[in-house]
Each structure stands twice: as C-alpha cells, then as structure tokens.
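Visitor: The structure that follows is given in the form of structure tokens.
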Amino acid sequence: MRIARFSRGDGVAYGIVEGEDETALVIAELHGHPFGVDPGGVRLTGRTYPLAEVRLLAPVLPSKVIGVLSAADEPVLFLKPSTAVTGPADVIRYPVKLAERVGFSGELAVVIGRLCRQVPRERADEVVFGYTCANDVTAAGLDVTRAKGFDTFCPLGPWMETGALPADIGITTTVNGAPRTSSRLTWNVPALISVVSEVMTLLPGDVLLTGSPADGGLLSVGDEVAVTIDGIGTLTSKVVMSD
C-alpha cells in the first residue's frame with residue numbers, strides 16, 4: 001500500500017495512492033493520520049482526487065531523522081533536524097555563502113510506526129510503518145551537524161510503501177537525467193532499528209536513513225536530482241540558490 005501526505009487548497013491530509021498506470025494515479029483521502037493504525041484498518045473519507053491535482057508533501061514530519069555514517073558492526077550514527085525534511089514538490093536550497101560543495105546520497109528511509117525502545121532484531125518488523133526514498137544531502141568541509149542539518153537537506157518521498165520490500169533492493173540516483181550512482185541496500189534494516197533503539201526512543205513517524213555503499217556526487221545550482229528505489233518510486237528535487 002502506498003500512503004502519501006498531500007495538500008489540496010488549504011487542507012493537508014493523508015491518502016492511499018491507487019492505480020497501475022503511473023500517468024493516471026489517484027489518491028483516496030484518509031480520516032486523520034495512519035500512524036498507530038494497522039494499515040489494513042485505515043478509514044477512507046470517500047473523497048478521491050487525481051494525483052496530478054494535488055501537491056505531494058513530505059510523507060512524514062518526523063521528530064528526528066537518524067542516519068548512518070558507517071556500516072561497520074558498530075555504526076557511526078548522526079541526526080538530521082526535523083527542519084531539514086522537505087518533500088517531493090520542494091527544492092534543495094544550496095547555502096552558497098556557507099558551503100562550497102554540496103553532495104547527494106540516495107538512500108532507503110525506514111519510517112517508524114509506533115513508539116518503541118530496545119527493539120530486538122527479530123521483532124524489528126513490528127515497529128516499521130513503511131519505507132520511502134530519501135536524499136541525504138551534505139555540505140562538505142563542515143562538522144557533521146552543520147553539514148547535514150541545513151534546511152531542505154533531507155528530501156523524502158514521494159510516498160510510503162507499507163508492504164514488505166525484497167531483501168535486496170536497488171537504489172539509483174540520477175542528476176539531470178544522467179545516472180550517477182547505482183547500489184544495493186547497505187544496512188540490514190532490523191539490525192539498524194535494534195542498534196538505534198538501544199540508544200534512543202523512536203516515535204511514530206521517525207525516520208532512519210540506511211546509508212549507501214556508493215559514493216554520492218556533487219550538486220550545482222540548477223541541477224535536478226532523482227532517487228529511484230525498487231518497489232517504491234522516484235523522489236525528484238531541484239537545486240536552487242539559498243537566500
């Protein structure tokens with residue numbers, strides 16, 4: 001099931017994205033938000049809209065985003081602030097006054113579905129709501145917090161896939177339509193959830209970035225970067241100059 005967060009007019013809602021033809025998708029609006037509800041128990045309002053007539057937003061507004069710098073047995077973790085999150089219809093703002101080089105990293109994002117702590121690996125699937133595409137944007141030459149924490153440096157989307165993903169999925173990133181990186185999933189998701197939840201309580205909507213074995217590339221103002229993940233979809237962002 002594909003669940004998106006969207007706006008139409010002045011309203012913001014969640015909905016289920018339906019259809020097989022990617023050019024004619026529709027979104028069926030949900031009552032409230034889907035967290036804390038079994039995906040099979042979500043309630044529809046009865047209103048549907050062509051996907052082309054709504055604006056897709058970041059699929060979640062997490063309290064925190066946790067990423068991985070290293071896929072070693074003891075991974076190096078980092079945090080991105082919630083203000084770094086942006087959606088598939090939004091831009092990446094290049095902070096030209098503070099950073100000379102800005103890079104991308106297309107990654108799988110795991111969305112947590114319930115409050116949890118100290119989750120055993122064998123029960124990690126119980127706390128996962130779904131998966132989405134992410135771009136871990138980073139400014140080179142700065143400390144980790146500043147390098148990864150600029151506003152708009154965590155695009156997410158276009159929606160969350162709540163179904164089980166294959167154990168081995170492909171992640172491809174293009175810039176201006178040209179392939180730049182192609183890789184397979186770096187981290188074992190249950191292991192990552194277990195490691196992170198030993199340190200901090202995870203809340204519904206929190207996001208874990210799973211890393212990428214492929215080196216990312218650099219971005220320039222005007223570039224269009226797209227992250228495609230098997231079984232989910234494509235997240236596209238335009239790079240603009242920051243004010």
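Residues in the structure tokens are named by chain (A, B, ... in the order shown) and by number from 1 within that chain; ligands are numbered from 1 in the order shown.
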Using only C-alpha atoms, determine which residues lie at most 8 Å from A:Gly216, disregarding the query and same-chain residues fewer than 6 positions distant; provide the list as a PyMOL selection string.
Guide: chain A and resi 103-106+180-181
Visitor: For the selection you just gave me, I'd like the residues written to a file as a short mmCIF file (atom, residue, chain, number, x, y, z; two decimals), in the first residue's frame, keeping N, CA and C atoms.
Guide:
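The resulting file, part-v3.cif, is shown below:
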data_model
loop_
_atom_site.label_atom_id
_atom_site.label_comp_id
_atom_site.auth_asym_id
_atom_site.auth_seq_id
_atom_site.Cartn_x
_atom_site.Cartn_y
_atom_site.Cartn_z
N GLY A 103 26.79 17.72 -1.65
CA GLY A 103 26.65 16.43 -2.30
C GLY A 103 25.34 15.75 -1.97
N PHE A 104 25.03 14.69 -2.74
CA PHE A 104 23.80 13.93 -2.55
C PHE A 104 24.14 12.49 -2.17
N SER A 105 23.16 11.80 -1.60
CA SER A 105 23.28 10.37 -1.33
C SER A 105 21.87 9.78 -1.33
N GLY A 106 21.53 9.05 -2.39
CA GLY A 106 20.22 8.42 -2.48
C GLY A 106 20.16 7.21 -1.56
N ARG A 180 24.10 8.58 -11.98
CA ARG A 180 25.30 8.96 -11.22
C ARG A 180 25.73 7.89 -10.23
N THR A 181 24.78 7.25 -9.55
CA THR A 181 25.12 6.16 -8.64
C THR A 181 24.07 5.07 -8.74
#
Visitor: Quick one: residues within 10 Å of A:Met200, only C-alpha atoms counted, chain neighbours fewer than 6 positions away excluded, as a list in words?
Guide: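 My list of contacting residues is Cys116, Arg117 and Gln118 of chain A.
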Visitor: Would you mind telling me which residue in A:Val96, A:Gly11, A:Val85, A:Ala178 lies nearest to A:Val54 when using only C-alpha atoms?
Guide: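 For A:Val54, the nearest of the given residues is A:Gly11.
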Visitor: Leaving out A:Thr186 and any residue of its chain fewer than 5 positions from it, which residues lie within 9 Å of it when counting only C-alpha atoms, given as a ChimeraX atom specification?
Guide: /A:71,107,210-213
Visitor: What would the file look like if the residues just selected were written as a PDB file, in the first residue's frame with N, CA and C atoms?
Guide:
ATOM      1  N   ALA A  71      28.811   1.505   7.968  1.00  0.00           N
ATOM      2  CA  ALA A  71      28.063   0.253   8.061  1.00  0.00           C
ATOM      3  C   ALA A  71      28.875  -0.812   8.788  1.00  0.00           C
ATOM      4  N   GLU A 107      19.145   7.158  -0.680  1.00  0.00           N
ATOM      5  CA  GLU A 107      19.085   6.110   0.333  1.00  0.00           C
ATOM      6  C   GLU A 107      17.648   5.666   0.585  1.00  0.00           C
ATOM      7  N   THR A 210      19.254   4.506   5.755  1.00  0.00           N
ATOM      8  CA  THR A 210      20.018   3.256   5.792  1.00  0.00           C
ATOM      9  C   THR A 210      21.396   3.342   5.149  1.00  0.00           C
ATOM     10  N   GLY A 211      21.775   4.497   4.622  1.00  0.00           N
ATOM     11  CA  GLY A 211      23.102   4.649   4.050  1.00  0.00           C
ATOM     12  C   GLY A 211      23.183   4.134   2.623  1.00  0.00           C
ATOM     13  N   SER A 212      24.325   4.361   2.005  1.00  0.00           N
ATOM     14  CA  SER A 212      24.555   3.914   0.629  1.00  0.00           C
ATOM     15  C   SER A 212      26.014   3.509   0.471  1.00  0.00           C
ATOM     16  N   PRO A 213      26.269   2.326  -0.130  1.00  0.00           N
ATOM     17  CA  PRO A 213      27.662   1.912  -0.339  1.00  0.00           C
ATOM     18  C   PRO A 213      28.339   2.676  -1.459  1.00  0.00           C
TER      19      PRO A 213
END
Visitor: So, with only C-alpha atoms as the atoms that count, which of A:Leu156, A:Ala124, A:Leu219, A:Ala52 lies closest to A:Ser82?
Guide: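 Distance minimum relative to A:Ser82 lands on A:Leu156.
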Visitor: Applying 9 Å and only C-alpha atoms, which residues near A:Val12 remain after dropping the ones on its own chain fewer than 6 positions away? List them as a list of chain:residue names.
Guide: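 In the requested form, the answer reads A:Arg5, A:Phe6, A:Leu57.
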Visitor: Would you please give, as a count of residues only, all residues of stretch 83-203 of chain A that DSSP assigns to alpha helix (DSSP H) based on the backbone?
Guide: 17
Visitor: Grab the atom CA of A:Ile92 to atom CA of A:Met160 distance for me, in Å with one decimal place.
Guide: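 That distance, rounded to one decimal, is 20.4 Å.
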Visitor: So how far away is atom CA of A:Tyr131 from atom CA of A:Leu192, in Å?
Guide: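 Pair atom CA of A:Leu192 / atom CA of A:Tyr131 returns 13.9 Å.
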Visitor: Within 9 Å of A:Gly141, counting only C-alpha atoms, which residues show up once you throw out same-chain ones fewer than 4 positions away? Write them as a PDB file with C-alpha atoms, in the first residue's frame, please.
Guide:
ATOM      1  CA  ALA A  99      29.341  25.809   1.777  1.00  0.00           C
ATOM      2  CA  GLU A 100      31.473  25.479  -1.342  1.00  0.00           C
ATOM      3  CA  ARG A 101      30.480  21.880  -2.109  1.00  0.00           C
ATOM      4  CA  ALA A 147      26.980  19.638   7.110  1.00  0.00           C
TER       5      ALA A 147
END
Visitor: Pick the closest to A:Glu20 from A:Arg8, A:Arg123, A:Arg2, A:Arg43: which is it, counting only C-alpha atoms?
Guide: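 Result for the nearest residue to A:Glu20: A:Arg2.
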Visitor: Show which residues sit within 12 Å of A:Arg146, as a list in words. Count only C-alpha atoms, and ignore same-chain residues fewer than 2 positions away.
Guide: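 Near neighbours after the sequence-gap exclusion: Phe78, Leu79, Lys80, Pro81, Ala84, Pro95, Leu98, Ala99, Val102, Val137, Thr138, Ala139, Ala140, Gly141, Leu142, Asp143, Val144, Lys148, Gly149, Phe150, Asp151 and Phe153 of chain A.
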Visitor: Could you tell me how far atom CA of A:Trp159 lies from atom CA of A:Ala24, in Å and to one decimal?
Guide: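 If I compute the distance from atom CA of A:Trp159 to atom CA of A:Ala24, I get 15.9 Å.
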Visitor: My list of candidates is A:Ser242, A:Ser194, A:Thr23, A:Ser237. Which is closest to A:Asp90 when distances are computed with only C-alpha atoms?
Guide: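 With only C-alpha atoms as the atom set, the closest residue is A:Ser237.
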Visitor: DSSP on the backbone: which residues in stretch 10-173 of chain A end up as strand (DSSP E)? Give the answer as a ChimeraX atom specification.
Guide: /A:11-18,26-30,44-50,55-56,65-68,77-80,85-86,91-94,102-103,106-112,128-135,138-139,154-161,170-173
Visitor: Only C-alpha atoms, please: the residues just picked out, written as a CSV table (one decimal), in the first residue's frame.
Guide:
chain,number,residue,atom,x,y,z
A,11,GLY,CA,-6.1,21.4,3.5
A,12,VAL,CA,-3.4,18.8,4.3
A,13,ALA,CA,-4.3,15.1,4.5
A,14,TYR,CA,-3.0,11.5,4.1
A,15,GLY,CA,-4.3,9.3,1.3
A,16,ILE,CA,-3.8,5.9,-0.4
A,17,VAL,CA,-2.2,6.2,-3.9
A,18,GLU,CA,-4.1,3.9,-6.2
A,26,VAL,CA,-5.5,8.8,-7.9
A,27,ILE,CA,-5.3,9.4,-4.2
A,28,ALA,CA,-8.1,8.2,-1.8
A,29,GLU,CA,-8.2,10.5,1.2
A,30,LEU,CA,-7.9,9.0,4.7
A,44,LEU,CA,-11.3,6.4,3.9
A,45,THR,CA,-13.3,9.6,3.7
A,46,GLY,CA,-14.8,8.6,0.3
A,47,ARG,CA,-13.1,11.5,-1.4
A,48,THR,CA,-10.6,10.8,-4.2
A,49,TYR,CA,-8.5,13.1,-6.4
A,50,PRO,CA,-6.3,12.7,-9.5
A,55,ARG,CA,0.6,18.5,-4.2
A,56,LEU,CA,2.6,15.7,-2.6
A,65,VAL,CA,16.0,11.6,11.4
A,66,ILE,CA,18.8,9.2,12.2
A,67,GLY,CA,21.4,8.4,9.6
A,68,VAL,CA,24.4,6.0,9.3
A,77,LEU,CA,25.2,7.5,13.8
A,78,PHE,CA,24.2,11.1,13.1
A,79,LEU,CA,21.0,13.2,13.5
A,80,LYS,CA,19.3,15.5,11.0
A,85,VAL,CA,12.9,17.4,5.9
A,86,THR,CA,11.4,18.5,2.6
A,91,VAL,CA,13.6,22.3,-3.6
A,92,ILE,CA,17.0,21.8,-2.1
A,93,ARG,CA,18.5,25.1,-1.1
A,94,TYR,CA,22.2,25.4,-1.8
A,102,VAL,CA,27.2,20.1,-1.6
A,103,GLY,CA,26.6,16.4,-2.3
A,106,GLY,CA,20.2,8.4,-2.5
A,107,GLU,CA,19.1,6.1,0.3
A,108,LEU,CA,16.2,4.0,1.6
A,109,ALA,CA,14.4,5.6,4.5
A,110,VAL,CA,12.6,3.5,7.1
A,111,VAL,CA,9.5,5.1,8.7
A,112,ILE,CA,8.8,4.0,12.3
A,128,VAL,CA,8.1,-0.4,10.8
A,129,PHE,CA,5.3,1.5,9.2
A,130,GLY,CA,6.8,1.7,5.8
A,131,TYR,CA,9.6,2.8,3.5
A,132,THR,CA,10.3,5.8,1.3
A,133,CYS,CA,13.0,7.4,-0.8
A,134,ALA,CA,15.5,9.8,0.8
A,135,ASN,CA,18.3,12.0,-0.2
A,138,THR,CA,25.5,17.0,2.8
A,139,ALA,CA,27.7,20.2,2.7
A,154,CYS,CA,16.6,15.7,3.8
A,155,PRO,CA,14.1,15.3,0.9
A,156,LEU,CA,11.7,12.4,1.5
A,157,GLY,CA,9.0,10.9,-0.8
A,158,PRO,CA,7.1,10.6,-2.9
A,159,TRP,CA,5.1,8.3,-0.6
A,160,MET,CA,5.5,5.5,1.9
A,161,GLU,CA,5.3,1.9,0.8
A,170,GLY,CA,18.3,-1.4,-6.0
A,171,ILE,CA,18.8,2.3,-5.4
A,172,THR,CA,19.6,4.6,-8.4
A,173,THR,CA,20.4,8.3,-8.4
Visitor: Write out as a VMD selection string which residues come within 7 Å of stretch 189-191 of chain A when counting only C-alpha atoms, dropping same-chain ones fewer than 4 positions away.
Guide: chain A and resid 121 124 to 125 195
Visitor: Would you write out those residues with N, CA and C atoms, as a CSV table (one decimal), in the first residue's frame?
Guide:
chain,number,residue,atom,x,y,z
A,121,ARG,N,16.2,-7.6,17.2
A,121,ARG,CA,16.2,-7.7,15.7
A,121,ARG,C,15.1,-8.5,15.2
A,124,ALA,N,11.9,-6.4,14.8
A,124,ALA,CA,12.0,-5.1,14.2
A,124,ALA,C,10.9,-4.8,13.2
A,125,ASP,N,10.5,-5.8,12.5
A,125,ASP,CA,9.4,-5.6,11.5
A,125,ASP,C,8.1,-5.1,12.1
A,195,VAL,N,20.0,-1.4,16.8
A,195,VAL,CA,21.1,-0.6,17.2
A,195,VAL,C,20.6,0.8,17.7
